[in-house]
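Okay, so here's the structure we're looking at.
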Amino acid sequence: MFISGIGRTKFGALSESLPELLYETMYNTLKDSYLNISDIGAIFVSNFLGGPLNGQLHLNSLVSSFLPDINIPIIRIETACASSGSAINQAIHSLQKYENIMILGAEKMTSDNIMGPIESLAMASDRYTDQMNGLIFPASYALIAQQYMQKYGINHEVLELVSLINHQHANLNPLAHFYNKQITLVKISNSPMVASPLNLFDCSPLSDGGAGVILSRNNEDDRDVKILSSQLASDSISITHRKDLTSFKATKIAAEKAYKESKTVPLEIDIFEVHDCFTISELIALEDLGLCHPGEASALIYNGQISRDGKQPVNTDGGLKANGHPIGATGLAQIFELVTQIRGEAGERQINEVTKGLAQNIGGIGGTASITILGKV
Amino acid sequence: MEYCCIKCNKWWNYPVKKCILCDGDVVEVLEMKYKIIGYTEVFIPSENHKRAPYFVYLLESEEGNRKIIKSHDEHSIGDSIDPDLELI
């Protein structure tokens, strides 16, 4: 199984509507590939909030509207912020039937909203036990940060550095939400509190955008990238069901299976794309993915291991924090970055000798986890 | 409210009647004592929680069961609390 095409839009507060973002994504993804639309056997659409934010569901049929007289199977996948990771996983299983499958992800979050984005995002958590008790999305991760800081004795300074590194990476990515924005450590540490201990710059932004990939059963082009593993795991939706908030069990299970299937170990992965919806989730990801032991992720921040000139760069596109987080597109944008790096097409932000990359895409408060490992053909 | 299987002690937040793992009866658990084990102060108002700031507390019972409550009163980690009285 191979990735034979990638595409995306710019991320940010954009003027385009959800349909326009989906179309632009599809067009860019096809143009990157050697394939034509007539070669695509099925399409998976990834989106989380088309209903509550945009008043638009039935996105498979919406995408069909862009493809006159091409009546192929199209289906929408929704697992909150992990929608695109889940769509990739399910599309891979469907490659047994279709030779080429396109996966499109998009989200329109910044305007024309029917519901408020805070209430909409909270739908990724349990309505009765969590949402109704004030646990909006940033508050959930704030509780996780509080538990992590209490358990391991770290302070907020390391989270500020996580934010800074991601913003530095985004400044080399022209498609990033925060491209060309000079974000300093002072600005990060002085930003307003959202939910203690997390401030504004601990949180990923509300972004519009789209990203897509084409999966192919066969390797037909020298720009193709191999899929070494794709794994999916789930966990309970409410954090009240978790005995430990400082680790996401679904990530650990999916990662363990992915390492086993791809016959790799964490040290053999050259670059990582991790789901840093909040800065604390990057620290937890580094531990859950096996880059270090529990409680030791801060060291990887301070010693530079995960910076772009470090041993194992993380989020070279800026991550969710600074590349942006248009939810339905997020996991696909991670794959876009890994493929770009493995192909050696990342320009100014290219990392030397990338042969393997891993993407971690999580939904809600770790209730869904998708792990994808890619490698050079 | 919490619900527990009388045979295998698995927990649910919803009133399920039978345990899917062992087919045991599931009963509501009453009069649990909780302690605060974590908290956050939320500064941004939202449609369902207009009055900010407010606190969200993570509670744990003696049996290890966990619960979330919202309050405008400030408490500390380790405080004992009756979650039903604190709900706002």
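Every chain in the structure tokens takes a letter, A first, then B, and so on in the order presented; its residues are numbered from 1, and the ligands are numbered from 1 following the presented order.
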Find the residues of chain A in contact range of chain B, meaning any atom within 7 Å when counting only C-alpha atoms, and list them as an mmCIF file with N, CA, C and O atoms, in the first residue's frame.
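The file below, result_24.cif, is the result:
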data_model
loop_
_atom_site.group_PDB
_atom_site.id
_atom_site.type_symbol
_atom_site.label_atom_id
_atom_site.label_comp_id
_atom_site.auth_asym_id
_atom_site.auth_seq_id
_atom_site.Cartn_x
_atom_site.Cartn_y
_atom_site.Cartn_z
ATOM 1 N N ILE A 118 -17.004 26.715 20.891
ATOM 2 C CA ILE A 118 -16.694 26.082 22.187
ATOM 3 C C ILE A 118 -17.674 24.942 22.464
ATOM 4 O O ILE A 118 -17.285 23.836 22.850
ATOM 5 N N GLU A 119 -18.963 25.209 22.244
ATOM 6 C CA GLU A 119 -19.972 24.175 22.484
ATOM 7 C C GLU A 119 -19.815 23.022 21.482
ATOM 8 O O GLU A 119 -19.988 21.853 21.821
ATOM 9 N N THR A 129 -21.678 13.657 31.693
ATOM 10 C CA THR A 129 -20.735 13.645 32.816
ATOM 11 C C THR A 129 -19.713 14.770 32.724
ATOM 12 O O THR A 129 -19.218 15.248 33.739
ATOM 13 N N ASP A 130 -19.386 15.219 31.517
ATOM 14 C CA ASP A 130 -18.303 16.192 31.351
ATOM 15 C C ASP A 130 -18.808 17.568 30.885
ATOM 16 O O ASP A 130 -18.635 18.565 31.584
ATOM 17 N N ASN A 133 -20.949 19.650 33.163
ATOM 18 C CA ASN A 133 -20.261 20.067 34.385
ATOM 19 C C ASN A 133 -19.113 21.027 34.100
ATOM 20 O O ASN A 133 -18.154 21.110 34.874
ATOM 21 N N GLY A 134 -19.226 21.745 32.997
ATOM 22 C CA GLY A 134 -18.274 22.834 32.732
ATOM 23 C C GLY A 134 -17.005 22.417 32.036
ATOM 24 O O GLY A 134 -16.103 23.231 31.843
ATOM 25 N N LEU A 135 -16.928 21.139 31.670
ATOM 26 C CA LEU A 135 -15.682 20.651 31.092
ATOM 27 C C LEU A 135 -15.662 20.920 29.582
ATOM 28 O O LEU A 135 -15.824 20.010 28.777
ATOM 29 N N ALA A 139 -10.702 22.981 29.107
ATOM 30 C CA ALA A 139 -10.711 22.626 30.535
ATOM 31 C C ALA A 139 -10.320 21.168 30.736
ATOM 32 O O ALA A 139 -9.662 20.815 31.724
ATOM 33 N N ALA A 142 -6.722 21.120 30.470
ATOM 34 C CA ALA A 142 -6.163 21.823 31.625
ATOM 35 C C ALA A 142 -6.087 20.883 32.832
ATOM 36 O O ALA A 142 -5.107 20.881 33.583
ATOM 37 N N LEU A 143 -7.139 20.079 33.010
ATOM 38 C CA LEU A 143 -7.115 19.092 34.106
ATOM 39 C C LEU A 143 -5.987 18.087 33.890
ATOM 40 O O LEU A 143 -5.301 17.696 34.841
ATOM 41 N N GLN A 146 -2.795 19.814 34.755
ATOM 42 C CA GLN A 146 -2.670 19.953 36.207
ATOM 43 C C GLN A 146 -2.221 18.638 36.835
ATOM 44 O O GLN A 146 -1.334 18.617 37.707
ATOM 45 N N GLN A 147 -2.817 17.531 36.355
ATOM 46 C CA GLN A 147 -2.449 16.214 36.891
ATOM 47 C C GLN A 147 -0.997 15.865 36.536
ATOM 48 O O GLN A 147 -0.261 15.331 37.353
ATOM 49 N N MET A 193 -4.974 33.673 30.448
ATOM 50 C CA MET A 193 -5.316 32.337 30.927
ATOM 51 C C MET A 193 -6.649 31.906 30.309
ATOM 52 O O MET A 193 -7.608 32.677 30.269
ATOM 53 N N VAL A 194 -6.710 30.691 29.850
ATOM 54 C CA VAL A 194 -7.954 30.115 29.303
ATOM 55 C C VAL A 194 -8.589 29.215 30.363
ATOM 56 O O VAL A 194 -9.742 29.392 30.744
ATOM 57 N N ALA A 195 -7.831 28.234 30.799
ATOM 58 C CA ALA A 195 -8.254 27.349 31.897
ATOM 59 C C ALA A 195 -6.963 26.934 32.589
ATOM 60 O O ALA A 195 -6.124 26.283 31.970
ATOM 61 N N SER A 196 -6.816 27.329 33.836
ATOM 62 C CA SER A 196 -5.537 27.128 34.521
ATOM 63 C C SER A 196 -5.140 25.656 34.511
ATOM 64 O O SER A 196 -5.992 24.799 34.722
ATOM 65 N N THR A 240 -13.631 10.727 33.355
ATOM 66 C CA THR A 240 -13.909 10.128 34.665
ATOM 67 C C THR A 240 -13.692 8.609 34.633
ATOM 68 O O THR A 240 -13.598 7.981 35.678
ATOM 69 N N HIS A 241 -13.626 8.043 33.452
ATOM 70 C CA HIS A 241 -13.378 6.598 33.337
ATOM 71 C C HIS A 241 -11.900 6.258 33.247
ATOM 72 O O HIS A 241 -11.546 5.094 33.107
#
Handout entry: Close residues, region 10-27 of chain A itself excluded, 7 Å, only C-alpha atoms, min 2 positions apart in chain, as number ranges by chain
Key = A: 7-8, 29-31, 66, 104, 106-108, 110, 175-177, 207-212, 323-324
Using the selection just defined, write its residues with N, CA, C and O atoms as a short mmCIF file (atom, residue, chain, number, x, y, z; two decimals), in the first residue's frame.
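Writing done, so here's result_3.cif:
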data_model
loop_
_atom_site.label_atom_id
_atom_site.label_comp_id
_atom_site.auth_asym_id
_atom_site.auth_seq_id
_atom_site.Cartn_x
_atom_site.Cartn_y
_atom_site.Cartn_z
N GLY A 7 -2.32 16.61 -0.99
CA GLY A 7 -2.68 18.00 -1.29
C GLY A 7 -3.26 18.66 -0.07
O GLY A 7 -3.72 17.97 0.85
N ARG A 8 -3.22 19.95 -0.03
CA ARG A 8 -3.85 20.67 1.07
C ARG A 8 -4.06 22.12 0.66
O ARG A 8 -3.58 22.56 -0.38
N THR A 29 -4.90 17.59 -4.48
CA THR A 29 -4.46 16.22 -4.22
C THR A 29 -4.32 15.46 -5.55
O THR A 29 -3.33 14.75 -5.76
N LEU A 30 -5.29 15.61 -6.42
CA LEU A 30 -5.21 14.94 -7.73
C LEU A 30 -4.04 15.47 -8.55
O LEU A 30 -3.35 14.71 -9.22
N LYS A 31 -3.82 16.78 -8.50
CA LYS A 31 -2.74 17.39 -9.31
C LYS A 31 -1.36 16.90 -8.85
O LYS A 31 -0.42 16.85 -9.64
N PHE A 66 -19.28 17.63 -6.85
CA PHE A 66 -18.12 18.20 -7.53
C PHE A 66 -17.65 17.32 -8.69
O PHE A 66 -16.75 17.69 -9.43
N LEU A 104 -10.37 12.86 1.70
CA LEU A 104 -10.43 14.31 1.78
C LEU A 104 -10.86 14.71 3.19
O LEU A 104 -11.81 14.14 3.73
N ALA A 106 -11.72 18.26 5.62
CA ALA A 106 -11.84 19.72 5.66
C ALA A 106 -12.68 20.14 6.85
O ALA A 106 -13.49 19.35 7.36
N GLU A 107 -12.46 21.36 7.29
CA GLU A 107 -13.25 21.93 8.38
C GLU A 107 -13.33 23.43 8.17
O GLU A 107 -12.34 24.06 7.79
N LYS A 108 -14.51 23.99 8.37
CA LYS A 108 -14.71 25.44 8.32
C LYS A 108 -15.17 25.87 9.70
O LYS A 108 -16.29 25.59 10.12
N THR A 110 -14.28 29.17 11.37
CA THR A 110 -14.12 30.55 11.85
C THR A 110 -15.27 31.50 11.57
O THR A 110 -15.28 32.60 12.10
N LEU A 175 2.16 27.31 4.31
CA LEU A 175 0.74 26.97 4.38
C LEU A 175 0.20 26.97 5.82
O LEU A 175 -0.98 26.74 6.05
N ALA A 176 1.08 27.26 6.78
CA ALA A 176 0.69 27.19 8.20
C ALA A 176 -0.16 28.39 8.61
O ALA A 176 -0.01 29.50 8.08
N HIS A 177 -1.04 28.15 9.58
CA HIS A 177 -1.89 29.21 10.13
C HIS A 177 -1.04 30.38 10.67
O HIS A 177 -1.37 31.53 10.47
N SER A 207 -9.04 26.83 13.08
CA SER A 207 -8.54 27.02 11.72
C SER A 207 -9.54 26.51 10.70
O SER A 207 -10.27 25.55 10.95
N ASP A 208 -9.53 27.14 9.54
CA ASP A 208 -10.21 26.59 8.36
C ASP A 208 -9.14 25.92 7.51
O ASP A 208 -7.98 26.38 7.50
N GLY A 209 -9.54 24.92 6.75
CA GLY A 209 -8.56 24.32 5.84
C GLY A 209 -8.94 22.92 5.41
O GLY A 209 -9.90 22.33 5.92
N GLY A 210 -8.19 22.42 4.46
CA GLY A 210 -8.44 21.07 3.96
C GLY A 210 -7.12 20.37 3.64
O GLY A 210 -6.10 21.02 3.42
N ALA A 211 -7.16 19.04 3.67
CA ALA A 211 -5.99 18.24 3.30
C ALA A 211 -6.49 16.91 2.75
O ALA A 211 -7.57 16.44 3.13
N GLY A 212 -5.70 16.34 1.84
CA GLY A 212 -6.13 15.08 1.23
C GLY A 212 -4.95 14.20 0.86
O GLY A 212 -3.81 14.68 0.73
N ASN A 323 0.73 25.15 12.86
CA ASN A 323 0.29 24.87 11.50
C ASN A 323 -1.22 25.09 11.43
O ASN A 323 -1.74 25.59 10.44
N GLY A 324 -1.91 24.73 12.51
CA GLY A 324 -3.35 24.92 12.61
C GLY A 324 -4.07 23.60 12.83
O GLY A 324 -3.48 22.53 12.68
#
Practice task
Fewer than 2 positions away in the same chain doesn't count, so skip those; otherwise give me all residues within 7 Å of region 69-80 of chain A, counting only C-alpha atoms, as a VMD selection string.
Solution key: chain A and resid 41 to 48 59 to 60 64 67 82 to 83 86 to 87 124 363 to 364 368
Exercise for the section: For Ala299 (chain A), work out the shell of residues within 12 Å, counting only C-alpha atoms and skipping chain neighbours fewer than 6 positions away, then give it as a list in words. Expected result: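 In the requested form, the answer reads Ile154, Val158, Leu159, Leu161, Val162, Leu283, Leu286, Glu287, Leu291, Cys292, His293, Gln305 and Ile306 of chain A.
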Exercise for the section: Go through A:Leu164, A:Ser204, A:Ile335, A:Thr184 and flag the residue nearest Ser307 (chain A), using only C-alpha atoms for the distances. Expected result: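 Closest residue, counting only C-alpha atoms: A:Leu164.
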